[in-house]
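File shown: input.txt (compact mmCIF, N, CA and C atoms).
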```txt
# COMPACT_ATOMS: atom_id res chain seq x y z
N GLN A 1 -12.20 -9.48 -4.63
CA GLN A 1 -12.66 -8.44 -3.73
C GLN A 1 -12.58 -8.93 -2.29
N VAL A 2 -11.98 -8.15 -1.44
CA VAL A 2 -11.83 -8.51 -0.03
C VAL A 2 -13.04 -8.04 0.75
N GLN A 3 -13.57 -8.91 1.58
CA GLN A 3 -14.67 -8.56 2.48
C GLN A 3 -14.15 -8.48 3.90
N LEU A 4 -14.59 -7.46 4.62
CA LEU A 4 -14.27 -7.33 6.04
C LEU A 4 -15.59 -7.41 6.79
N VAL A 5 -15.74 -8.46 7.58
CA VAL A 5 -17.00 -8.70 8.29
C VAL A 5 -16.83 -8.30 9.74
N GLU A 6 -17.59 -7.27 10.14
CA GLU A 6 -17.53 -6.77 11.51
C GLU A 6 -18.68 -7.34 12.33
N SER A 7 -18.44 -7.45 13.63
CA SER A 7 -19.50 -7.87 14.56
C SER A 7 -19.15 -7.34 15.94
N GLY A 8 -20.14 -7.36 16.83
CA GLY A 8 -19.90 -7.03 18.22
C GLY A 8 -20.43 -5.70 18.68
N GLY A 9 -20.99 -4.91 17.79
CA GLY A 9 -21.56 -3.64 18.22
C GLY A 9 -22.84 -3.85 19.00
N GLY A 10 -23.35 -2.75 19.56
CA GLY A 10 -24.59 -2.84 20.32
C GLY A 10 -24.79 -1.64 21.21
N LEU A 11 -25.72 -1.80 22.13
CA LEU A 11 -26.08 -0.74 23.08
C LEU A 11 -25.53 -1.12 24.45
N VAL A 12 -24.84 -0.18 25.09
CA VAL A 12 -24.25 -0.44 26.39
C VAL A 12 -24.33 0.83 27.23
N GLN A 13 -24.40 0.68 28.53
CA GLN A 13 -24.42 1.84 29.41
C GLN A 13 -23.01 2.40 29.59
N ALA A 14 -22.94 3.66 29.92
CA ALA A 14 -21.65 4.28 30.18
C ALA A 14 -20.91 3.50 31.26
N GLY A 15 -19.61 3.31 31.03
CA GLY A 15 -18.80 2.52 31.94
C GLY A 15 -18.71 1.05 31.57
N GLY A 16 -19.53 0.65 30.62
CA GLY A 16 -19.55 -0.75 30.20
C GLY A 16 -18.49 -1.07 29.16
N SER A 17 -18.55 -2.30 28.66
CA SER A 17 -17.54 -2.78 27.71
C SER A 17 -18.21 -3.47 26.52
N LEU A 18 -17.51 -3.43 25.41
CA LEU A 18 -17.88 -4.17 24.21
C LEU A 18 -16.61 -4.63 23.51
N ARG A 19 -16.72 -5.72 22.75
CA ARG A 19 -15.59 -6.15 21.94
C ARG A 19 -16.05 -6.28 20.49
N LEU A 20 -15.40 -5.55 19.62
CA LEU A 20 -15.68 -5.62 18.20
C LEU A 20 -14.73 -6.62 17.54
N SER A 21 -15.24 -7.31 16.52
CA SER A 21 -14.43 -8.26 15.77
C SER A 21 -14.46 -7.90 14.29
N CYS A 22 -13.38 -8.20 13.60
CA CYS A 22 -13.29 -7.97 12.16
C CYS A 22 -12.61 -9.18 11.54
N ALA A 23 -13.34 -9.88 10.68
CA ALA A 23 -12.80 -11.08 10.04
C ALA A 23 -12.70 -10.83 8.54
N PRO A 24 -11.49 -10.75 8.00
CA PRO A 24 -11.33 -10.55 6.57
C PRO A 24 -11.52 -11.85 5.79
N SER A 25 -11.92 -11.72 4.53
CA SER A 25 -12.12 -12.90 3.67
C SER A 25 -10.81 -13.41 3.10
N ARG A 26 -9.74 -12.67 3.36
CA ARG A 26 -8.41 -13.07 2.92
C ARG A 26 -7.53 -13.21 4.16
N SER A 27 -6.43 -13.93 4.04
CA SER A 27 -5.55 -14.11 5.19
C SER A 27 -5.14 -12.77 5.78
N ILE A 28 -5.19 -12.72 7.10
CA ILE A 28 -4.82 -11.50 7.81
C ILE A 28 -3.37 -11.11 7.54
N PHE A 29 -2.56 -12.09 7.14
CA PHE A 29 -1.15 -11.82 6.86
C PHE A 29 -0.95 -11.03 5.56
N SER A 30 -2.00 -10.94 4.74
CA SER A 30 -1.87 -10.22 3.49
C SER A 30 -1.99 -8.71 3.64
N PHE A 31 -2.27 -8.25 4.86
CA PHE A 31 -2.42 -6.82 5.12
C PHE A 31 -1.25 -6.31 5.95
N ASN A 32 -0.69 -5.20 5.54
CA ASN A 32 0.42 -4.65 6.32
C ASN A 32 -0.10 -3.90 7.55
N ARG A 33 -1.31 -3.42 7.49
CA ARG A 33 -1.89 -2.71 8.62
C ARG A 33 -3.40 -2.86 8.62
N MET A 34 -3.97 -3.03 9.81
CA MET A 34 -5.41 -3.06 9.99
C MET A 34 -5.77 -2.08 11.10
N GLY A 35 -7.01 -1.64 11.07
CA GLY A 35 -7.39 -0.68 12.09
C GLY A 35 -8.89 -0.50 12.22
N TRP A 36 -9.25 0.32 13.19
CA TRP A 36 -10.65 0.69 13.43
C TRP A 36 -10.78 2.21 13.32
N TYR A 37 -11.85 2.60 12.65
CA TYR A 37 -12.22 4.00 12.54
C TYR A 37 -13.65 4.12 13.05
N ARG A 38 -14.07 5.34 13.34
CA ARG A 38 -15.45 5.55 13.76
C ARG A 38 -15.97 6.86 13.20
N GLN A 39 -17.28 6.89 13.03
CA GLN A 39 -17.93 8.11 12.54
C GLN A 39 -19.20 8.35 13.32
N ALA A 40 -19.23 9.45 14.03
CA ALA A 40 -20.41 9.86 14.77
C ALA A 40 -21.29 10.72 13.87
N PRO A 41 -22.60 10.81 14.18
CA PRO A 41 -23.49 11.62 13.35
C PRO A 41 -23.01 13.06 13.23
N GLY A 42 -22.94 13.55 12.00
CA GLY A 42 -22.53 14.93 11.76
C GLY A 42 -21.05 15.18 11.87
N LYS A 43 -20.26 14.12 12.07
CA LYS A 43 -18.82 14.30 12.21
C LYS A 43 -18.07 13.50 11.15
N GLN A 44 -16.81 13.86 10.96
CA GLN A 44 -15.98 13.12 10.01
C GLN A 44 -15.51 11.81 10.61
N ARG A 45 -15.20 10.88 9.74
CA ARG A 45 -14.66 9.60 10.20
C ARG A 45 -13.28 9.86 10.80
N GLU A 46 -13.02 9.21 11.94
CA GLU A 46 -11.75 9.41 12.63
C GLU A 46 -11.11 8.08 12.97
N LEU A 47 -9.78 8.13 13.04
CA LEU A 47 -9.01 6.96 13.40
C LEU A 47 -9.17 6.66 14.89
N VAL A 48 -9.38 5.39 15.19
CA VAL A 48 -9.47 4.96 16.59
C VAL A 48 -8.19 4.24 17.01
N ALA A 49 -7.80 3.21 16.24
CA ALA A 49 -6.63 2.42 16.60
C ALA A 49 -6.16 1.65 15.36
N THR A 50 -4.86 1.37 15.33
CA THR A 50 -4.30 0.55 14.25
C THR A 50 -3.34 -0.48 14.80
N ILE A 51 -3.14 -1.54 14.03
CA ILE A 51 -2.18 -2.57 14.38
C ILE A 51 -1.49 -3.02 13.09
N THR A 52 -0.17 -3.10 13.13
CA THR A 52 0.59 -3.49 11.94
C THR A 52 0.76 -5.01 11.90
N SER A 53 1.26 -5.50 10.78
CA SER A 53 1.51 -6.93 10.65
C SER A 53 2.55 -7.40 11.67
N GLY A 54 3.38 -6.47 12.12
CA GLY A 54 4.38 -6.82 13.12
C GLY A 54 3.88 -6.71 14.54
N GLY A 55 2.63 -6.25 14.67
CA GLY A 55 2.04 -6.18 16.00
C GLY A 55 2.12 -4.82 16.69
N SER A 56 2.71 -3.82 16.02
CA SER A 56 2.78 -2.49 16.60
C SER A 56 1.40 -1.84 16.60
N THR A 57 1.07 -1.17 17.69
CA THR A 57 -0.26 -0.56 17.82
C THR A 57 -0.16 0.94 18.03
N SER A 58 -1.23 1.63 17.66
CA SER A 58 -1.33 3.06 17.94
C SER A 58 -2.79 3.38 18.22
N TYR A 59 -3.00 4.44 19.00
CA TYR A 59 -4.36 4.79 19.43
C TYR A 59 -4.59 6.29 19.34
N ALA A 60 -5.84 6.65 19.11
CA ALA A 60 -6.24 8.04 19.25
C ALA A 60 -6.15 8.41 20.72
N ASP A 61 -5.81 9.66 21.00
CA ASP A 61 -5.67 10.10 22.39
C ASP A 61 -6.95 9.89 23.18
N SER A 62 -8.09 10.02 22.52
CA SER A 62 -9.37 9.93 23.20
C SER A 62 -9.69 8.53 23.71
N VAL A 63 -8.99 7.52 23.21
CA VAL A 63 -9.30 6.15 23.63
C VAL A 63 -8.13 5.46 24.34
N LYS A 64 -7.00 6.13 24.41
CA LYS A 64 -5.83 5.53 25.07
C LYS A 64 -6.16 5.15 26.50
N GLY A 65 -5.75 3.95 26.87
CA GLY A 65 -6.00 3.46 28.23
C GLY A 65 -7.35 2.81 28.41
N ARG A 66 -8.23 2.96 27.42
CA ARG A 66 -9.57 2.37 27.51
C ARG A 66 -9.80 1.29 26.44
N PHE A 67 -9.25 1.50 25.26
CA PHE A 67 -9.44 0.56 24.15
C PHE A 67 -8.15 -0.21 23.89
N THR A 68 -8.30 -1.46 23.45
CA THR A 68 -7.15 -2.27 23.09
C THR A 68 -7.41 -2.96 21.76
N ILE A 69 -6.51 -2.75 20.81
CA ILE A 69 -6.61 -3.43 19.51
C ILE A 69 -5.70 -4.65 19.53
N SER A 70 -6.17 -5.73 18.93
CA SER A 70 -5.36 -6.94 18.89
C SER A 70 -5.75 -7.77 17.68
N ARG A 71 -4.97 -8.78 17.40
CA ARG A 71 -5.27 -9.68 16.30
C ARG A 71 -4.94 -11.11 16.71
N ASP A 72 -5.79 -12.03 16.29
CA ASP A 72 -5.57 -13.46 16.53
C ASP A 72 -5.32 -14.09 15.17
N ASN A 73 -4.06 -14.34 14.88
CA ASN A 73 -3.70 -14.86 13.55
C ASN A 73 -4.32 -16.23 13.29
N ALA A 74 -4.42 -17.04 14.32
CA ALA A 74 -4.98 -18.38 14.16
C ALA A 74 -6.47 -18.33 13.79
N LYS A 75 -7.17 -17.32 14.31
CA LYS A 75 -8.58 -17.16 14.00
C LYS A 75 -8.82 -16.18 12.84
N ASN A 76 -7.71 -15.63 12.32
CA ASN A 76 -7.82 -14.68 11.21
C ASN A 76 -8.78 -13.54 11.54
N THR A 77 -8.64 -12.99 12.72
CA THR A 77 -9.59 -11.98 13.20
C THR A 77 -8.85 -10.87 13.96
N MET A 78 -9.34 -9.65 13.77
CA MET A 78 -8.84 -8.51 14.53
C MET A 78 -9.93 -8.08 15.51
N TYR A 79 -9.51 -7.57 16.67
CA TYR A 79 -10.46 -7.18 17.71
C TYR A 79 -10.22 -5.75 18.17
N LEU A 80 -11.26 -5.18 18.73
CA LEU A 80 -11.15 -3.93 19.47
C LEU A 80 -11.90 -4.10 20.77
N GLN A 81 -11.16 -4.23 21.85
CA GLN A 81 -11.76 -4.32 23.18
C GLN A 81 -11.96 -2.90 23.69
N MET A 82 -13.21 -2.57 24.00
CA MET A 82 -13.54 -1.22 24.44
C MET A 82 -14.08 -1.27 25.87
N ASN A 83 -13.34 -0.67 26.78
CA ASN A 83 -13.73 -0.61 28.19
C ASN A 83 -14.01 0.83 28.60
N SER A 84 -14.67 0.97 29.73
CA SER A 84 -14.99 2.30 30.27
C SER A 84 -15.61 3.19 29.19
N LEU A 85 -16.59 2.65 28.51
CA LEU A 85 -17.20 3.38 27.40
C LEU A 85 -17.92 4.63 27.89
N LYS A 86 -17.86 5.66 27.04
CA LYS A 86 -18.48 6.95 27.32
C LYS A 86 -19.52 7.26 26.24
N PRO A 87 -20.49 8.09 26.55
CA PRO A 87 -21.48 8.47 25.53
C PRO A 87 -20.83 9.03 24.26
N GLU A 88 -19.71 9.72 24.41
CA GLU A 88 -19.03 10.28 23.23
C GLU A 88 -18.35 9.23 22.36
N ASP A 89 -18.34 7.97 22.81
CA ASP A 89 -17.84 6.88 21.97
C ASP A 89 -18.91 6.38 21.00
N THR A 90 -20.12 6.88 21.14
CA THR A 90 -21.21 6.47 20.26
C THR A 90 -20.88 6.83 18.81
N ALA A 91 -20.93 5.82 17.93
CA ALA A 91 -20.57 6.02 16.52
C ALA A 91 -20.76 4.70 15.77
N VAL A 92 -20.64 4.78 14.47
CA VAL A 92 -20.51 3.58 13.66
C VAL A 92 -19.02 3.29 13.56
N TYR A 93 -18.64 2.08 13.91
CA TYR A 93 -17.23 1.69 13.89
C TYR A 93 -16.95 0.86 12.64
N TYR A 94 -15.87 1.23 11.95
CA TYR A 94 -15.51 0.58 10.70
C TYR A 94 -14.16 -0.11 10.81
N CYS A 95 -14.11 -1.32 10.29
CA CYS A 95 -12.85 -2.05 10.17
C CYS A 95 -12.17 -1.61 8.88
N ASN A 96 -10.85 -1.50 8.94
CA ASN A 96 -10.06 -1.08 7.79
C ASN A 96 -8.85 -1.97 7.64
N ALA A 97 -8.48 -2.25 6.38
CA ALA A 97 -7.28 -3.05 6.12
C ALA A 97 -6.61 -2.56 4.86
N ASP A 98 -5.29 -2.46 4.88
CA ASP A 98 -4.61 -2.05 3.66
C ASP A 98 -3.38 -2.91 3.42
N ASN A 99 -3.04 -3.04 2.12
CA ASN A 99 -1.92 -3.89 1.72
C ASN A 99 -0.96 -3.13 0.81
N TYR A 100 -0.80 -1.84 1.03
CA TYR A 100 0.06 -0.94 0.27
C TYR A 100 -0.53 -0.57 -1.09
N ILE A 101 -1.47 -1.38 -1.60
CA ILE A 101 -2.05 -1.10 -2.91
C ILE A 101 -3.51 -0.67 -2.75
N TYR A 102 -4.26 -1.43 -2.01
CA TYR A 102 -5.67 -1.14 -1.82
C TYR A 102 -5.98 -0.93 -0.35
N ASN A 103 -7.03 -0.15 -0.15
CA ASN A 103 -7.53 0.14 1.19
C ASN A 103 -8.96 -0.40 1.26
N TYR A 104 -9.22 -1.30 2.21
CA TYR A 104 -10.52 -1.95 2.29
C TYR A 104 -11.27 -1.50 3.53
N TRP A 105 -12.62 -1.48 3.40
CA TRP A 105 -13.47 -1.06 4.51
C TRP A 105 -14.58 -2.07 4.74
N GLY A 106 -14.94 -2.24 5.99
CA GLY A 106 -16.10 -3.03 6.34
C GLY A 106 -17.36 -2.18 6.24
N GLN A 107 -18.50 -2.80 6.48
CA GLN A 107 -19.79 -2.11 6.37
C GLN A 107 -20.09 -1.25 7.60
N GLY A 108 -19.42 -1.52 8.68
CA GLY A 108 -19.63 -0.74 9.90
C GLY A 108 -20.55 -1.44 10.87
N THR A 109 -20.32 -1.19 12.15
CA THR A 109 -21.17 -1.73 13.20
C THR A 109 -21.45 -0.61 14.21
N GLN A 110 -22.71 -0.50 14.59
CA GLN A 110 -23.14 0.61 15.46
C GLN A 110 -22.80 0.33 16.91
N VAL A 111 -22.18 1.29 17.55
CA VAL A 111 -21.95 1.26 18.99
C VAL A 111 -22.66 2.46 19.60
N THR A 112 -23.55 2.18 20.55
CA THR A 112 -24.29 3.24 21.21
C THR A 112 -24.08 3.12 22.71
N VAL A 113 -23.61 4.20 23.32
CA VAL A 113 -23.34 4.24 24.76
C VAL A 113 -24.32 5.20 25.40
N SER A 114 -25.15 4.69 26.28
CA SER A 114 -26.15 5.53 26.95
C SER A 114 -25.60 6.07 28.26
N SER A 115 -26.05 7.25 28.61
CA SER A 115 -25.56 7.89 29.84
C SER A 115 -26.41 7.53 31.04
```
Kindly return the structure encoded in the file as structure tokens.
Amino acid sequence: QVQLVESGGGLVQAGGSLRLSCAPSRSIFSFNRMGWYRQAPGKQRELVATITSGGSTSYADSVKGRFTISRDNAKNTMYLQMNSLKPEDTAVYYCNADNYIYNYWGQGTQVTVSS
């Protein structure tokens, strides 16, 4: 069973920054794609950003230019740098990883942006 351990959430004022981390219990090279999703209260879970094993990235329109997804292969960790945070970014953020066969999820980390 693969574990995805997230960290870095918290409370921040609008305009501030946070960096989320996701450390899988298996080598990061075993996943063809990793990403971040978020779910706000009363809303469906939505895609935030993804990064492939080759390093290609994609972003939701709502976070383009503000969020950056990256991976450090040496540290076996994926990151989400979030800048210029807005109250509407408030949600539980989930790490996701897939290897063509299984899709894995982390437990989630709360991000709260105050106005």
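Note that the spacing between atom C of Ser84 in chain A and atom C of Arg71 in chain A amounts to 21.8 Å.
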- [ ] Identify, on the basis of all atoms listed in the file, every residue whose closest approach to Gln3 in chain A does not exceed 8 Å; exclude the query and any residue fewer than 3 positions from it along the same chain; express the result as a ChimeraX atom specification.
- [x] /A:6,22-26,104-107
- [ ] For Ser53 in chain A, list every protein, DNA or RNA residue within 8 Å, evaluated using only C-alpha atoms, and leave out those in the same chain fewer than 5 positions away; present the list as a list in words.
- [x] Phe29, Phe31, Asn32, Arg33 and Met34 of chain A
TODO: Excluding range 92-95 of chain A and residues on its chain fewer than 3 positions from it, collect all residues at most 5 Å away from it, counting only N, CA and C atoms, and give them as a PyMOL selection string.
DONE: chain A and resi 35-40+105-106+108-111
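Taking atom C of Asn99 in chain A and CA of Phe67 in chain A as endpoints, the distance between them is 25.1 Å.
Summary of the local environment: counting only C-alpha atoms, residues at most 7 Å from Gly8 in chain A, other than itself and those fewer than 2 positions away along its chain, are A:Gly10, A:Leu18, A:Arg19, A:Leu20, A:Ser21.
Our summary of the geometry notes that CA of Gly16 in chain A is positioned 28.9 Å from CA of Ile28 in chain A.
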TODO: Pick out the closest residue to Ala14 in chain A from this set: A:Pro87, A:Gly65, A:Gly55, A:Gly42. Count only C-alpha atoms.
DONE: A:Pro87
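Among the candidates A:Leu11, A:Val63, A:Met78, A:Ile69, the one nearest to Thr50 in chain A when counting all atoms listed in the file is A:Ile69.
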Task: 6.5 Å contact set for Gln13 in chain A, only N, CA and C atoms, chain neighbours under 4 positions out, as number ranges by chain - done: A: 85, 112-115
Task: In range 5-109 of chain A, DSSP strand (DSSP E) residues written as a count of residues only - done: 55
Edge lengths and centre in Å to one decimal, as lines of an AutoDock Vina configuration file, is what I'm after for the box along x, y and z that holds all listed atoms of range 86-89 of chain A once 6 Å is added on each side.
```
center_x = -19.7
center_y = 8.0
center_z = 24.2
size_x = 15.6
size_y = 16.6
size_z = 18.3
```
Open item on the list: My list of candidates is A:Thr90, A:Lys75, A:Tyr59, A:Val48. Which is closest to Val12 in chain A when distances are computed with only C-alpha atoms?
Closed with: A:Thr90
- [ ] Using DSSP on the backbone coordinates, identify all residues within chain A classified as helix (DSSP H, G or I); present the result as a count of residues only.
- [x] 6
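Closest approach to Asn96 in chain A from the set A:Gly15, A:Asn83, A:Leu4, A:Glu46 is made by A:Leu4, with distances taken over all atoms listed in the file.
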